[in-house]
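See below for the structure under consideration.
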Amino acid sequence: MVDAEKSMNNMAESTDLEAKHTNADIFTAVILAGSRNAHDPVAAIFGEHYKALVPILGTPMVLRVVEALRKASSIKRIVIVFDCQDTLFSSCSALKALSEQVDISVVPCGNTICGSVVNALDATGHDWPYMVTTADHALLTPCMVDSFCSSVVGKNGLAVGLVEKKYLDAQHPNSKRTYLPFKETKLSGANLFAFMDQDAMKGIAFWKRIEQERKKPWRLFAAFGWRSLFGFAFKRFTVDQAFEQVSKRLGVSAIAVRLPYAEAAIDVDSPKDYAQVSKILESRGANSPTGAA
């Protein structure tokens, strides 16, 4: 009787694990690896044309992001948006070898960030949902990815990953980030976005209008109307209230996902960022592309 009960419990646990695994592997991950930029300050240090291929501790940044995504339980396939597949694979042989084992594809860049996202969606047949990140997110870990994705499973519309200033102040007080101030906190972007269904296309269309203003927070709020701008200027909106305004303006659900990982907000935009990220990876004992999970 005990053995039979034990067997039934084991079967139930096995079924639960299979269900969790099936439900987890639902996101198509998109990495925005960019196009050639002769003026990128980080690429220039190494004489590279593409920042995505700049090595950190000997590993190209884009490969670090790919490794984090492929080890995350919530990702089923990876799409890299890059100028040319041949250039990418010839410059990063480890990535080419990995593409023969993992579902990795390369699609061409658009004229803008938004255009690149649309290219990825079109090339993959709008296989919702999508998680979008960037190739310079060298500190990304599977844990960050799964935490973000698990927060939006079952949601509609779109979601944005954000990190509260208090986490950066506590762990990396000298890290210079761009913050959006709200009534109860200040948040920095984590370069993690989720597009859950076809309705998210409304958000992408709006993003196309304002993507040039992403480093100018007040202009982002101005795009949502003067009431929102006023609320922003005087920090009258909580995070949830602000995203309610965003949802109304876009006509689609938009949510903020607050992540408790300071390093989710640190990407490589400048030589100073590069030095900081290198030190963080060294402190992780990170000779492997993703370091600690």
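Going through the structure tokens in order, the chains are called A, B, and so on, while each chain numbers its residues from 1 and the ligands are numbered from 1 in the order shown.
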
Set the distance at 7 Å and use only C-alpha atoms: which residues neighbour Asn156 of chain A once local chain neighbours fewer than 5 positions away are removed? I'd like the list as an NGL selection string. :A and (196-197 or 253)

How about saving the chosen residues, C-alpha atoms kept, as a short mmCIF file (atom, residue, chain, number, x, y, z; two decimals), in the first residue's frame?
```
data_model
loop_
_atom_site.label_atom_id
_atom_site.label_comp_id
_atom_site.auth_asym_id
_atom_site.auth_seq_id
_atom_site.Cartn_x
_atom_site.Cartn_y
_atom_site.Cartn_z
CA MET A 196 3.12 38.62 -25.30
CA ASP A 197 0.64 38.65 -28.19
CA SER A 253 -1.82 46.33 -21.43
#
```

Tell me, as a PyMOL selection string, which residues lie within 12 Å of Leu95 of chain A, counting only C-alpha atoms; anything in the same chain fewer than 3 positions away does not count. chain A and resi 53+59-67+70+78+80+85-92+98-106+289

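For the choices A:Lys248, A:Arg284, A:Lys183, A:Lys202, the atom-to-atom distance to Lys235 of chain A is smallest for A:Lys183 when using only C-alpha atoms.
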
Using DSSP assignments from the backbone, pull out every residue in segment 113-199 of chain A that falls under strand (DSSP E or B) and give it to me as a ChimeraX atom specification. /A:130-134,158-164,179-181,186-195

Could the residues in this selection be written to a file with C-alpha atoms, as a PDB file, in the first residue's frame?
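Writing the result to result.pdb gives the following:
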```pdb
ATOM      1  CA  TYR A 130       8.819  37.093 -27.308  1.00  0.00           C
ATOM      2  CA  MET A 131      11.475  38.272 -24.890  1.00  0.00           C
ATOM      3  CA  VAL A 132      13.778  40.946 -26.297  1.00  0.00           C
ATOM      4  CA  THR A 133      17.195  41.939 -24.976  1.00  0.00           C
ATOM      5  CA  THR A 134      20.439  43.428 -26.280  1.00  0.00           C
ATOM      6  CA  LEU A 158       3.800  44.007 -23.272  1.00  0.00           C
ATOM      7  CA  ALA A 159       6.112  44.264 -20.280  1.00  0.00           C
ATOM      8  CA  VAL A 160       9.284  46.157 -19.421  1.00  0.00           C
ATOM      9  CA  GLY A 161      11.992  44.986 -17.036  1.00  0.00           C
ATOM     10  CA  LEU A 162      13.142  47.620 -14.543  1.00  0.00           C
ATOM     11  CA  VAL A 163      15.483  47.795 -11.560  1.00  0.00           C
ATOM     12  CA  GLU A 164      15.043  50.046  -8.536  1.00  0.00           C
ATOM     13  CA  TYR A 179      16.595  56.692 -14.033  1.00  0.00           C
ATOM     14  CA  LEU A 180      12.890  57.337 -14.410  1.00  0.00           C
ATOM     15  CA  PRO A 181      11.630  58.998 -11.197  1.00  0.00           C
ATOM     16  CA  LYS A 186      13.442  55.547  -9.208  1.00  0.00           C
ATOM     17  CA  LEU A 187      13.819  52.849 -11.855  1.00  0.00           C
ATOM     18  CA  SER A 188      16.436  52.055 -14.457  1.00  0.00           C
ATOM     19  CA  GLY A 189      15.802  49.955 -17.549  1.00  0.00           C
ATOM     20  CA  ALA A 190      17.006  46.351 -17.581  1.00  0.00           C
ATOM     21  CA  ASN A 191      17.055  45.905 -21.380  1.00  0.00           C
ATOM     22  CA  LEU A 192      14.444  43.177 -21.015  1.00  0.00           C
ATOM     23  CA  PHE A 193      11.141  43.451 -22.849  1.00  0.00           C
ATOM     24  CA  ALA A 194       8.285  41.009 -23.325  1.00  0.00           C
ATOM     25  CA  PHE A 195       5.827  41.081 -26.203  1.00  0.00           C
TER      26      PHE A 195
END
```

Correct to one decimal, the distance atom CA of Asp267 of chain A-atom CA of Lys71 of chain A is 19.6 Å

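In terms of minimum interatomic distance to Asp269 of chain A, A:Thr178 ranks closest within A:Ser283, A:Ser74, A:Thr178, A:Thr185, counting only C-alpha atoms.
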
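DSSP secondary structure from the backbone places A:Pro142, A:Cys143, A:Met144, A:Val145, A:Asp146, A:Ser147, A:Phe148, A:Cys149, A:Ser150, A:Ser151, A:Val152, A:Lys165, A:Lys166, A:Tyr167, A:Leu168, A:Asp169, A:Ala170, A:Gln171 of segment 141-175 of chain A in alpha helix (DSSP H).
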
Shell around His49 of chain A at 12 Å using only C-alpha atoms, local window under 2 positions removed, as a list in words: Ala33, Gly34, Ser35, Arg36, Asn37, Ala38, His39, Asp40, Pro41, Val42, Ala43, Ala44, Ile45, Phe46, Gly47, Lys51, Ala52, Leu53, Val54, Asp83, Thr87, Leu88 and Ser91 of chain A

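Here the question is which of A:Ala256, A:Ile266, A:Ala68, A:Val118 gets nearest to Lys208 of chain A using only C-alpha atoms, and that residue is A:Val118.
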
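Closest approach to Leu57 of chain A among A:Met144, A:Val79, A:Ala138, A:Ala262: A:Ala138, based on only C-alpha atoms.
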
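The interatomic distance for the pair atom CA of Met201 of chain A and atom CA of Ile26 of chain A works out to 18.7 Å.
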
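Distances from A:Leu69, A:Ala264, A:Ala94, A:Val152 to Lys165 of chain A were compared using only C-alpha atoms, and the smallest one belongs to A:Ala264.
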
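Take the candidates A:Gln198, A:Thr238, A:Ser278, A:Ser175 and check each one against Ala265 of chain A using only C-alpha atoms; the shortest distance goes to A:Ser175.
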
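Here atom CA of Leu32 of chain A stands at a distance of 5.1 Å from atom CA of Val81 of chain A.
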